[in-house]
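Novice: Just model33.pdb, nothing more (PDB, C-alpha atoms, pLDDT in the B column):
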ATOM      1  CA  MET A1465      13.216  -8.402 -18.937  1.00 40.00           C
ATOM      2  CA  ALA A1466      10.527  -7.016 -16.599  1.00 40.00           C
ATOM      3  CA  MET A1467       7.774  -9.395 -15.545  1.00 42.00           C
ATOM      4  CA  SER A1468       4.232  -8.461 -16.585  1.00 52.00           C
ATOM      5  CA  HIS A1469       1.782  -7.524 -13.867  1.00 77.00           C
ATOM      6  CA  ASN A1470      -0.812 -10.166 -12.998  1.00 91.00           C
ATOM      7  CA  PHE A1471      -3.995  -8.110 -12.785  1.00 95.00           C
ATOM      8  CA  THR A1472      -6.159 -11.153 -12.089  1.00 95.00           C
ATOM      9  CA  ASP A1473      -4.296 -11.679  -8.822  1.00 94.00           C
ATOM     10  CA  SER A1474      -4.558  -7.954  -8.071  1.00 95.00           C
ATOM     11  CA  VAL A1475      -8.333  -8.043  -8.534  1.00 96.00           C
ATOM     12  CA  ILE A1476      -8.633 -11.141  -6.334  1.00 94.00           C
ATOM     13  CA  ARG A1477      -6.608  -9.447  -3.585  1.00 94.00           C
ATOM     14  CA  MET A1478      -8.894  -6.426  -3.845  1.00 95.00           C
ATOM     15  CA  LEU A1479     -12.114  -8.468  -3.801  1.00 95.00           C
ATOM     16  CA  GLY A1480     -11.057 -11.085  -1.268  1.00 93.00           C
ATOM     17  CA  PRO A1481     -11.616 -14.854  -1.274  1.00 86.00           C
ATOM     18  CA  ALA A1482     -14.178 -16.161  -3.735  1.00 79.00           C
ATOM     19  CA  GLY A1483     -17.316 -17.577  -2.184  1.00 69.00           C
ATOM     20  CA  THR A1484     -19.085 -19.282  -5.070  1.00 62.00           C
ATOM     21  CA  THR A1485     -19.155 -22.901  -6.154  1.00 64.00           C
ATOM     22  CA  PRO A1486     -17.089 -23.992  -9.181  1.00 66.00           C
ATOM     23  CA  THR A1487     -18.598 -23.338 -12.597  1.00 74.00           C
ATOM     24  CA  PRO A1488     -19.224 -26.468 -14.694  1.00 78.00           C
ATOM     25  CA  GLU A1489     -17.039 -26.384 -17.813  1.00 81.00           C
ATOM     26  CA  ALA A1490     -20.090 -27.336 -19.876  1.00 86.00           C
ATOM     27  CA  ALA A1491     -21.705 -23.999 -18.972  1.00 89.00           C
ATOM     28  CA  TRP A1492     -18.785 -22.112 -20.519  1.00 94.00           C
ATOM     29  CA  GLU A1493     -18.786 -24.431 -23.534  1.00 94.00           C
ATOM     30  CA  ASP A1494     -22.437 -23.610 -24.234  1.00 93.00           C
ATOM     31  CA  VAL A1495     -21.726 -19.860 -24.175  1.00 95.00           C
ATOM     32  CA  GLU A1496     -18.550 -20.143 -26.251  1.00 96.00           C
ATOM     33  CA  VAL A1497     -20.094 -22.424 -28.888  1.00 96.00           C
ATOM     34  CA  GLU A1498     -22.888 -19.920 -29.378  1.00 94.00           C
ATOM     35  CA  LEU A1499     -20.394 -17.045 -29.632  1.00 95.00           C
ATOM     36  CA  GLY A1500     -18.014 -18.975 -31.874  1.00 94.00           C
ATOM     37  CA  VAL A1501     -14.998 -17.880 -29.836  1.00 93.00           C
ATOM     38  CA  GLN A1502     -13.277 -18.754 -26.566  1.00 93.00           C
ATOM     39  CA  LEU A1503     -13.671 -16.051 -23.943  1.00 95.00           C
ATOM     40  CA  PRO A1504     -10.563 -14.668 -22.194  1.00 95.00           C
ATOM     41  CA  GLY A1505      -9.305 -16.855 -19.376  1.00 94.00           C
ATOM     42  CA  ASP A1506      -9.073 -14.048 -16.817  1.00 95.00           C
ATOM     43  CA  TYR A1507     -12.672 -13.019 -17.509  1.00 96.00           C
ATOM     44  CA  LYS A1508     -13.892 -16.594 -17.065  1.00 95.00           C
ATOM     45  CA  GLN A1509     -11.929 -16.992 -13.829  1.00 93.00           C
ATOM     46  CA  LEU A1510     -13.286 -13.824 -12.223  1.00 95.00           C
ATOM     47  CA  VAL A1511     -16.857 -14.515 -13.328  1.00 94.00           C
ATOM     48  CA  ALA A1512     -16.647 -18.099 -12.079  1.00 91.00           C
ATOM     49  CA  ASP A1513     -15.207 -16.974  -8.746  1.00 92.00           C
ATOM     50  CA  TYR A1514     -17.564 -14.091  -7.922  1.00 93.00           C
ATOM     51  CA  ALA A1515     -20.683 -13.957 -10.112  1.00 92.00           C
ATOM     52  CA  PRO A1516     -23.564 -13.398  -9.973  1.00 93.00           C
ATOM     53  CA  VAL A1517     -22.908 -10.202  -8.041  1.00 94.00           C
ATOM     54  CA  GLN A1518     -23.079  -6.418  -8.203  1.00 96.00           C
ATOM     55  CA  LEU A1519     -19.847  -4.581  -7.339  1.00 96.00           C
ATOM     56  CA  ASN A1520     -19.687  -1.111  -5.770  1.00 95.00           C
ATOM     57  CA  TYR A1521     -23.390  -0.447  -6.360  1.00 92.00           C
ATOM     58  CA  HIS A1522     -23.125  -0.350 -10.161  1.00 94.00           C
ATOM     59  CA  LEU A1523     -21.236  -3.126 -12.000  1.00 97.00           C
ATOM     60  CA  PHE A1524     -23.033  -6.424 -12.692  1.00 97.00           C
ATOM     61  CA  LEU A1525     -21.291  -9.767 -13.208  1.00 96.00           C
ATOM     62  CA  HIS A1526     -23.599 -12.431 -14.664  1.00 96.00           C
ATOM     63  CA  HIS A1527     -22.954 -16.170 -14.393  1.00 94.00           C
ATOM     64  CA  PRO A1528     -23.092 -18.845 -17.126  1.00 94.00           C
ATOM     65  CA  SER A1529     -24.811 -21.589 -15.125  1.00 90.00           C
ATOM     66  CA  THR A1530     -27.535 -19.819 -13.112  1.00 90.00           C
ATOM     67  CA  GLU A1531     -31.151 -19.534 -14.230  1.00 89.00           C
ATOM     68  CA  ARG A1532     -31.490 -15.942 -13.079  1.00 91.00           C
ATOM     69  CA  TRP A1533     -28.733 -13.500 -14.082  1.00 94.00           C
ATOM     70  CA  ASN A1534     -27.660 -15.977 -16.751  1.00 95.00           C
ATOM     71  CA  LEU A1535     -24.619 -14.779 -18.676  1.00 96.00           C
ATOM     72  CA  GLY A1536     -25.450 -16.419 -22.015  1.00 96.00           C
ATOM     73  CA  ARG A1537     -28.990 -15.038 -22.036  1.00 96.00           C
ATOM     74  CA  TRP A1538     -27.795 -11.560 -21.012  1.00 97.00           C
ATOM     75  CA  MET A1539     -25.186 -11.617 -23.793  1.00 97.00           C
ATOM     76  CA  ARG A1540     -27.827 -12.580 -26.386  1.00 97.00           C
ATOM     77  CA  GLU A1541     -30.253  -9.891 -25.218  1.00 97.00           C
ATOM     78  CA  THR A1542     -27.516  -7.237 -25.179  1.00 96.00           C
ATOM     79  CA  VAL A1543     -26.248  -8.182 -28.654  1.00 97.00           C
ATOM     80  CA  ASP A1544     -29.812  -8.077 -29.972  1.00 96.00           C
ATOM     81  CA  ALA A1545     -30.532  -4.679 -28.405  1.00 95.00           C
ATOM     82  CA  PHE A1546     -27.329  -3.096 -29.742  1.00 94.00           C
ATOM     83  CA  SER A1547     -27.728  -4.727 -33.167  1.00 94.00           C
ATOM     84  CA  HIS A1548     -31.118  -3.060 -33.538  1.00 93.00           C
ATOM     85  CA  SER A1549     -29.844   0.359 -32.434  1.00 90.00           C
ATOM     86  CA  ASP A1550     -28.917   3.074 -34.909  1.00 88.00           C
ATOM     87  CA  LEU A1551     -25.164   3.380 -34.396  1.00 88.00           C
ATOM     88  CA  THR A1552     -24.196   4.407 -37.920  1.00 82.00           C
ATOM     89  CA  ASP A1553     -22.509   7.569 -36.624  1.00 87.00           C
ATOM     90  CA  ALA A1554     -20.773   5.872 -33.706  1.00 91.00           C
ATOM     91  CA  GLU A1555     -16.999   6.020 -33.395  1.00 93.00           C
ATOM     92  CA  CYS A1556     -15.846   2.457 -32.769  1.00 94.00           C
ATOM     93  CA  PRO A1557     -12.130   1.572 -33.097  1.00 93.00           C
ATOM     94  CA  GLY A1558     -11.601  -1.331 -35.468  1.00 91.00           C
ATOM     95  CA  PHE A1559     -15.043  -0.922 -37.064  1.00 93.00           C
ATOM     96  CA  PRO A1560     -14.840   1.853 -39.677  1.00 90.00           C
ATOM     97  CA  ASP A1561     -18.334   1.050 -40.989  1.00 89.00           C
ATOM     98  CA  GLY A1562     -19.912   1.036 -37.550  1.00 89.00           C
ATOM     99  CA  PRO A1563     -19.828  -1.539 -34.749  1.00 94.00           C
ATOM    100  CA  ARG A1564     -20.878  -5.145 -35.212  1.00 95.00           C
ATOM    101  CA  PHE A1565     -22.115  -7.205 -32.300  1.00 96.00           C
ATOM    102  CA  GLY A1566     -21.765 -10.860 -31.389  1.00 95.00           C
ATOM    103  CA  GLY A1567     -19.017 -13.411 -31.898  1.00 90.00           C
ATOM    104  CA  PRO A1568     -16.731 -14.380 -33.331  1.00 92.00           C
ATOM    105  CA  ILE A1569     -15.648 -11.084 -34.962  1.00 92.00           C
ATOM    106  CA  GLY A1570     -18.039  -8.597 -33.380  1.00 96.00           C
ATOM    107  CA  LEU A1571     -18.321  -6.960 -29.975  1.00 97.00           C
ATOM    108  CA  ILE A1572     -19.121  -9.407 -27.189  1.00 98.00           C
ATOM    109  CA  PRO A1573     -20.769  -7.945 -24.061  1.00 98.00           C
ATOM    110  CA  LEU A1574     -18.856  -8.867 -20.903  1.00 98.00           C
ATOM    111  CA  VAL A1575     -20.314  -6.709 -18.116  1.00 98.00           C
ATOM    112  CA  GLY A1576     -22.667  -3.775 -17.702  1.00 97.00           C
ATOM    113  CA  THR A1577     -23.734  -1.249 -15.101  1.00 96.00           C
ATOM    114  CA  ASP A1578     -26.999   0.146 -13.837  1.00 94.00           C
ATOM    115  CA  ARG A1579     -25.873   3.488 -15.291  1.00 92.00           C
ATOM    116  CA  GLY A1580     -26.302   2.185 -18.851  1.00 94.00           C
ATOM    117  CA  GLU A1581     -22.610   1.491 -19.444  1.00 96.00           C
ATOM    118  CA  TYR A1582     -21.325  -1.619 -21.209  1.00 97.00           C
ATOM    119  CA  VAL A1583     -17.977  -3.361 -21.533  1.00 98.00           C
ATOM    120  CA  PHE A1584     -17.433  -5.377 -24.706  1.00 98.00           C
ATOM    121  CA  GLY A1585     -14.576  -7.648 -25.659  1.00 97.00           C
ATOM    122  CA  VAL A1586     -13.389  -8.094 -29.234  1.00 96.00           C
ATOM    123  CA  VAL A1587     -10.747 -10.505 -30.475  1.00 92.00           C
ATOM    124  CA  ASP A1588      -8.344  -9.688 -33.289  1.00 84.00           C
ATOM    125  CA  ALA A1589      -8.774 -12.450 -35.875  1.00 77.00           C
ATOM    126  CA  LYS A1590      -5.101 -12.291 -36.882  1.00 80.00           C
ATOM    127  CA  SER A1591      -3.313 -11.962 -33.545  1.00 84.00           C
ATOM    128  CA  GLY A1592      -5.900 -13.623 -31.309  1.00 84.00           C
ATOM    129  CA  GLU A1593      -5.471 -10.792 -28.795  1.00 90.00           C
ATOM    130  CA  TRP A1594      -8.436  -9.290 -26.994  1.00 93.00           C
ATOM    131  CA  ALA A1595      -9.226  -5.615 -26.532  1.00 94.00           C
ATOM    132  CA  ILE A1596     -11.857  -3.895 -24.419  1.00 97.00           C
ATOM    133  CA  LEU A1597     -14.347  -1.471 -25.959  1.00 97.00           C
ATOM    134  CA  ALA A1598     -16.517   0.374 -23.461  1.00 97.00           C
ATOM    135  CA  CYS A1599     -19.436   2.715 -23.964  1.00 95.00           C
ATOM    136  CA  ASP A1600     -21.739   4.959 -22.007  1.00 89.00           C
ATOM    137  CA  GLY A1601     -25.375   4.246 -22.826  1.00 74.00           C
ATOM    138  CA  ASP A1602     -26.064   7.979 -23.206  1.00 74.00           C
ATOM    139  CA  GLU A1603     -23.480   8.347 -25.984  1.00 81.00           C
ATOM    140  CA  GLN A1604     -22.820   6.470 -29.218  1.00 85.00           C
ATOM    141  CA  ASP A1605     -19.037   6.342 -29.149  1.00 93.00           C
ATOM    142  CA  PHE A1606     -16.975   3.368 -28.013  1.00 96.00           C
ATOM    143  CA  HIS A1607     -13.679   3.794 -26.160  1.00 96.00           C
ATOM    144  CA  GLU A1608     -10.876   1.293 -26.707  1.00 96.00           C
ATOM    145  CA  TYR A1609      -8.663  -0.083 -23.938  1.00 96.00           C
ATOM    146  CA  ARG A1610      -5.940  -2.409 -25.185  1.00 94.00           C
ATOM    147  CA  ILE A1611      -5.715  -4.226 -21.882  1.00 96.00           C
ATOM    148  CA  SER A1612      -7.036  -7.439 -20.384  1.00 95.00           C
ATOM    149  CA  PHE A1613     -10.441  -7.643 -18.722  1.00 97.00           C
ATOM    150  CA  SER A1614      -8.810  -8.084 -15.319  1.00 97.00           C
ATOM    151  CA  GLU A1615      -6.735  -4.925 -15.802  1.00 97.00           C
ATOM    152  CA  TRP A1616      -9.860  -3.063 -16.944  1.00 97.00           C
ATOM    153  CA  LEU A1617     -11.753  -4.216 -13.818  1.00 98.00           C
ATOM    154  CA  TYR A1618      -8.839  -3.388 -11.538  1.00 96.00           C
ATOM    155  CA  ARG A1619      -8.596   0.145 -12.909  1.00 96.00           C
ATOM    156  CA  TYR A1620     -12.378   0.596 -12.809  1.00 97.00           C
ATOM    157  CA  LEU A1621     -12.459  -0.330  -9.120  1.00 96.00           C
ATOM    158  CA  LEU A1622      -9.620   2.139  -8.478  1.00 94.00           C
ATOM    159  CA  GLY A1623     -11.817   4.898  -9.885  1.00 95.00           C
ATOM    160  CA  GLU A1624     -10.149   5.481 -13.249  1.00 96.00           C
ATOM    161  CA  ASP A1625     -12.050   6.617 -16.361  1.00 96.00           C
ATOM    162  CA  MET A1626     -12.881   3.225 -17.898  1.00 96.00           C
ATOM    163  CA  PHE A1627     -15.991   4.132 -19.909  1.00 96.00           C
ATOM    164  CA  GLY A1628     -14.422   7.100 -21.654  1.00 93.00           C
ATOM    165  CA  PRO A1629     -13.519  10.595 -20.418  1.00 92.00           C
ATOM    166  CA  ASP A1630     -14.992  11.742 -17.086  1.00 92.00           C
ATOM    167  CA  SER A1631     -16.650   8.368 -16.468  1.00 92.00           C
ATOM    168  CA  SER A1632     -14.929   7.413 -13.220  1.00 92.00           C
ATOM    169  CA  VAL A1633     -16.817   6.358 -10.120  1.00 90.00           C
ATOM    170  CA  PHE A1634     -14.867   5.600  -6.969  1.00 89.00           C
ATOM    171  CA  TYR A1635     -15.942   4.366  -3.560  1.00 89.00           C
ATOM    172  CA  PRO A1636     -13.181   4.513  -0.931  1.00 89.00           C
ATOM    173  CA  GLY A1637     -12.663   1.623   1.401  1.00 91.00           C
ATOM    174  CA  PRO A1638     -13.370  -2.057   0.709  1.00 95.00           C
ATOM    175  CA  VAL A1639     -15.223  -3.076  -2.446  1.00 96.00           C
ATOM    176  CA  VAL A1640     -18.952  -3.441  -1.756  1.00 95.00           C
ATOM    177  CA  PHE A1641     -20.672  -6.638  -2.920  1.00 94.00           C
ATOM    178  CA  GLU A1642     -24.403  -7.110  -3.348  1.00 94.00           C
ATOM    179  CA  SER A1643     -25.806 -10.541  -4.084  1.00 91.00           C
ATOM    180  CA  MET A1644     -28.181 -10.963  -7.002  1.00 89.00           C
ATOM    181  CA  PRO A1645     -31.240 -12.904  -5.718  1.00 86.00           C
ATOM    182  CA  MET A1646     -31.847 -16.288  -7.309  1.00 84.00           C
ATOM    183  CA  THR A1647     -35.644 -16.164  -6.787  1.00 84.00           C
ATOM    184  CA  ALA A1648     -38.285 -13.448  -6.855  1.00 82.00           C
ATOM    185  CA  THR A1649     -38.695 -13.644  -3.078  1.00 86.00           C
ATOM    186  CA  GLU A1650     -35.026 -13.848  -2.100  1.00 86.00           C
ATOM    187  CA  ARG A1651     -33.515 -10.689  -0.676  1.00 90.00           C
ATOM    188  CA  SER A1652     -30.099  -9.407  -1.682  1.00 89.00           C
ATOM    189  CA  ILE A1653     -27.241  -9.469   0.825  1.00 91.00           C
ATOM    190  CA  THR A1654     -24.504  -6.854   1.054  1.00 93.00           C
ATOM    191  CA  TRP A1655     -20.952  -7.450   2.273  1.00 92.00           C
ATOM    192  CA  ARG A1656     -17.518  -5.932   1.866  1.00 93.00           C
ATOM    193  CA  GLY A1657     -14.155  -7.127   0.666  1.00 93.00           C
ATOM    194  CA  PRO A1658     -10.858  -6.702   2.519  1.00 93.00           C
ATOM    195  CA  ASP A1659      -9.385  -3.365   3.555  1.00 91.00           C
ATOM    196  CA  ARG A1660      -7.664  -2.046   0.429  1.00 82.00           C
ATOM    197  CA  ASN A1661      -5.345   0.188   2.442  1.00 72.00           C
ATOM    198  CA  ALA A1662      -3.820  -2.870   4.083  1.00 61.00           C
ATOM    199  CA  GLN A1663      -2.786  -4.480   0.783  1.00 56.00           C
TER     200      GLN A1663
END
Give the structure from the file, written as structure tokens.
Specialist:
Amino acid sequence: MAMSHNFTDSVIRMLGPAGTTPTPEAAWEDVEVELGVQLPGDYKQLVADYAPVQLNYHLFLHHPSTERWNLGRWMRETVDAFSHSDLTDAECPGFPDGPRFGGPIGLIPLVGTDRGEYVFGVVDAKSGEWAILACDGDEQDFHEYRISFSEWLYRYLLGEDMFGPDSSVFYPGPVVFESMPMTATERSITWRGPDRNAQ
């Protein structure tokens, strides 16, 4: 039997060593209690290792235990904004009557971009398996990817269409990181991950 690919390790090799301090388990507990569901382990690992940060100029990773760029607050605000949007005509796999937002059975926002794109996770109540539903803020439809978050992120960074057709954005060379300032006066810092051609 063939071994499954470990996309979390692949993402870590692409991004390079993590530089953040460990995330207190209580911070995740607060987020998960509010959502009513445990978040995927690979998502929690990558967020804990790298957030808060912006990747390749577009993708934001929020963190559960920082005051600014706080993951729990961003999730609440995103759920509220989408819940008050008119999405009655939206195509959303698994939601024939239109998408629902928030845990435990609705769409849970995981990451977003400065281009108005969002990645949501949704857990199947029967199987317990997670799927990714992504959308472009300029369109109503949601696109399903039955893969893990780490595989989604890996493919996104490779420049594949991960927000629906013709949505790819690819920057050759090492992944570019930009810090997300913790105060109003702090300046962001940019750095790069390892050479992807050498992997």
Novice: Give me the residues within 9 Å of region 1510-1518 of chain A as an NGL selection string, counting all atoms listed in the file and dropping any in the same chain fewer than 5 places off.
Specialist: :A and (1472 or 1475-1476 or 1479 or 1481-1487 or 1505 or 1523-1528 or 1530 or 1532-1535 or 1577 or 1614 or 1640-1645)
Novice: If you measure from CA of Tyr1521 (chain A) to CA of Tyr1618 (chain A), what distance in Å do you get, rounded to one decimal?
Specialist: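 These two atoms are separated by 15.7 Å.
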Novice: Report, as JSON, the centre and edge lengths in Å (one decimal) of the axis-aligned box enclosing every listed atom of region 1621-1640 of chain A, padded by 6 Å on each side.
Specialist:
{"center_x": -14.3, "center_y": 4.2, "center_z": -10.1, "size_x": 21.3, "size_y": 27.2, "size_z": 35.1}
Novice: Residues near region 1588-1599 of chain A, anyone? I mean within 10 Å using only C-alpha atoms, not counting same-chain ones fewer than 2 positions away, as a ChimeraX atom specification.
Specialist: /A:1503-1504,1556-1558,1568-1576,1580-1586,1601-1613,1616,1626-1628,1631
Novice: Have a look at CA of Arg1660 (chain A) and CA of Asp1578 (chain A) and let me know their distance in Å, one decimal.
Specialist: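 Taking CA of Arg1660 (chain A) as the start and CA of Asp1578 (chain A) as the end point, the length is 24.1 Å.
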Novice: Just to confirm, what's the straight-line distance from CA of Glu1531 (chain A) to CA of Leu1617 (chain A) in Å (one decimal)?
Specialist: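 Between these atoms lies a distance of 24.7 Å.
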Novice: Add whatever atoms are absent from region 1595-1606 of chain A to reach all heavy atoms, and provide the output as a compact mmCIF listing (two decimals), keeping the file's coordinate frame.
Specialist:
# COMPACT_ATOMS: atom_id res chain seq x y z
N ALA A 1595 -9.20 -7.01 -26.95
CA ALA A 1595 -9.23 -5.62 -26.53
C ALA A 1595 -10.58 -5.35 -25.89
O ALA A 1595 -11.55 -6.08 -26.12
CB ALA A 1595 -9.01 -4.68 -27.72
N ILE A 1596 -10.63 -4.32 -25.08
CA ILE A 1596 -11.86 -3.90 -24.42
C ILE A 1596 -12.38 -2.65 -25.13
O ILE A 1596 -11.63 -1.71 -25.41
CB ILE A 1596 -11.60 -3.57 -22.93
CG1 ILE A 1596 -11.11 -4.82 -22.18
CG2 ILE A 1596 -12.84 -2.97 -22.28
CD1 ILE A 1596 -12.13 -5.92 -22.04
N LEU A 1597 -13.67 -2.66 -25.43
CA LEU A 1597 -14.35 -1.47 -25.96
C LEU A 1597 -15.51 -1.17 -25.03
O LEU A 1597 -16.37 -2.04 -24.80
CB LEU A 1597 -14.83 -1.71 -27.39
CG LEU A 1597 -13.69 -1.71 -28.41
CD1 LEU A 1597 -13.90 -2.73 -29.49
CD2 LEU A 1597 -13.57 -0.32 -29.02
N ALA A 1598 -15.50 0.01 -24.45
CA ALA A 1598 -16.52 0.37 -23.46
C ALA A 1598 -17.33 1.56 -23.96
O ALA A 1598 -16.83 2.40 -24.71
CB ALA A 1598 -15.85 0.72 -22.13
N CYS A 1599 -18.58 1.61 -23.55
CA CYS A 1599 -19.44 2.72 -23.96
C CYS A 1599 -20.37 3.12 -22.85
O CYS A 1599 -20.73 2.32 -21.98
CB CYS A 1599 -20.23 2.36 -25.22
SG CYS A 1599 -21.53 1.15 -24.96
N ASP A 1600 -20.74 4.38 -22.90
CA ASP A 1600 -21.74 4.96 -22.01
C ASP A 1600 -23.06 4.92 -22.76
O ASP A 1600 -23.13 5.38 -23.90
CB ASP A 1600 -21.33 6.40 -21.66
CG ASP A 1600 -22.34 7.10 -20.79
OD1 ASP A 1600 -23.49 6.64 -20.68
OD2 ASP A 1600 -21.99 8.14 -20.20
N GLY A 1601 -24.10 4.40 -22.15
CA GLY A 1601 -25.38 4.25 -22.83
C GLY A 1601 -25.98 5.54 -23.32
O GLY A 1601 -26.84 5.54 -24.20
N ASP A 1602 -25.53 6.69 -22.78
CA ASP A 1602 -26.06 7.98 -23.21
C ASP A 1602 -25.34 8.53 -24.43
O ASP A 1602 -25.74 9.55 -24.98
CB ASP A 1602 -25.97 9.00 -22.07
CG ASP A 1602 -26.88 8.62 -20.90
OD1 ASP A 1602 -27.92 7.98 -21.15
OD2 ASP A 1602 -26.55 8.97 -19.75
N GLU A 1603 -24.24 7.89 -24.84
CA GLU A 1603 -23.48 8.35 -25.98
C GLU A 1603 -23.27 7.19 -26.95
O GLU A 1603 -23.33 6.03 -26.58
CB GLU A 1603 -22.12 8.90 -25.53
CG GLU A 1603 -22.24 10.10 -24.59
CD GLU A 1603 -20.88 10.62 -24.16
OE1 GLU A 1603 -19.86 10.09 -24.66
OE2 GLU A 1603 -20.84 11.52 -23.32
N GLN A 1604 -22.99 7.52 -28.21
CA GLN A 1604 -22.82 6.47 -29.22
C GLN A 1604 -21.40 5.92 -29.29
O GLN A 1604 -21.20 4.80 -29.73
CB GLN A 1604 -23.21 7.00 -30.60
CG GLN A 1604 -24.70 7.11 -30.82
CD GLN A 1604 -25.05 7.17 -32.30
OE1 GLN A 1604 -24.23 7.50 -33.13
NE2 GLN A 1604 -26.28 6.81 -32.62
N ASP A 1605 -20.42 6.71 -28.89
CA ASP A 1605 -19.04 6.34 -29.15
C ASP A 1605 -18.53 5.25 -28.21
O ASP A 1605 -18.93 5.16 -27.05
CB ASP A 1605 -18.13 7.57 -29.03
CG ASP A 1605 -18.40 8.59 -30.12
OD1 ASP A 1605 -19.04 8.21 -31.13
OD2 ASP A 1605 -18.00 9.75 -29.96
N PHE A 1606 -17.62 4.43 -28.76
CA PHE A 1606 -16.98 3.37 -28.01
C PHE A 1606 -15.52 3.76 -27.76
O PHE A 1606 -14.85 4.32 -28.62
CB PHE A 1606 -17.03 2.05 -28.79
CG PHE A 1606 -18.41 1.49 -28.92
CD1 PHE A 1606 -19.33 2.05 -29.81
CD2 PHE A 1606 -18.83 0.43 -28.15
CE1 PHE A 1606 -20.62 1.55 -29.92
CE2 PHE A 1606 -20.11 -0.08 -28.24
CZ PHE A 1606 -21.00 0.49 -29.14
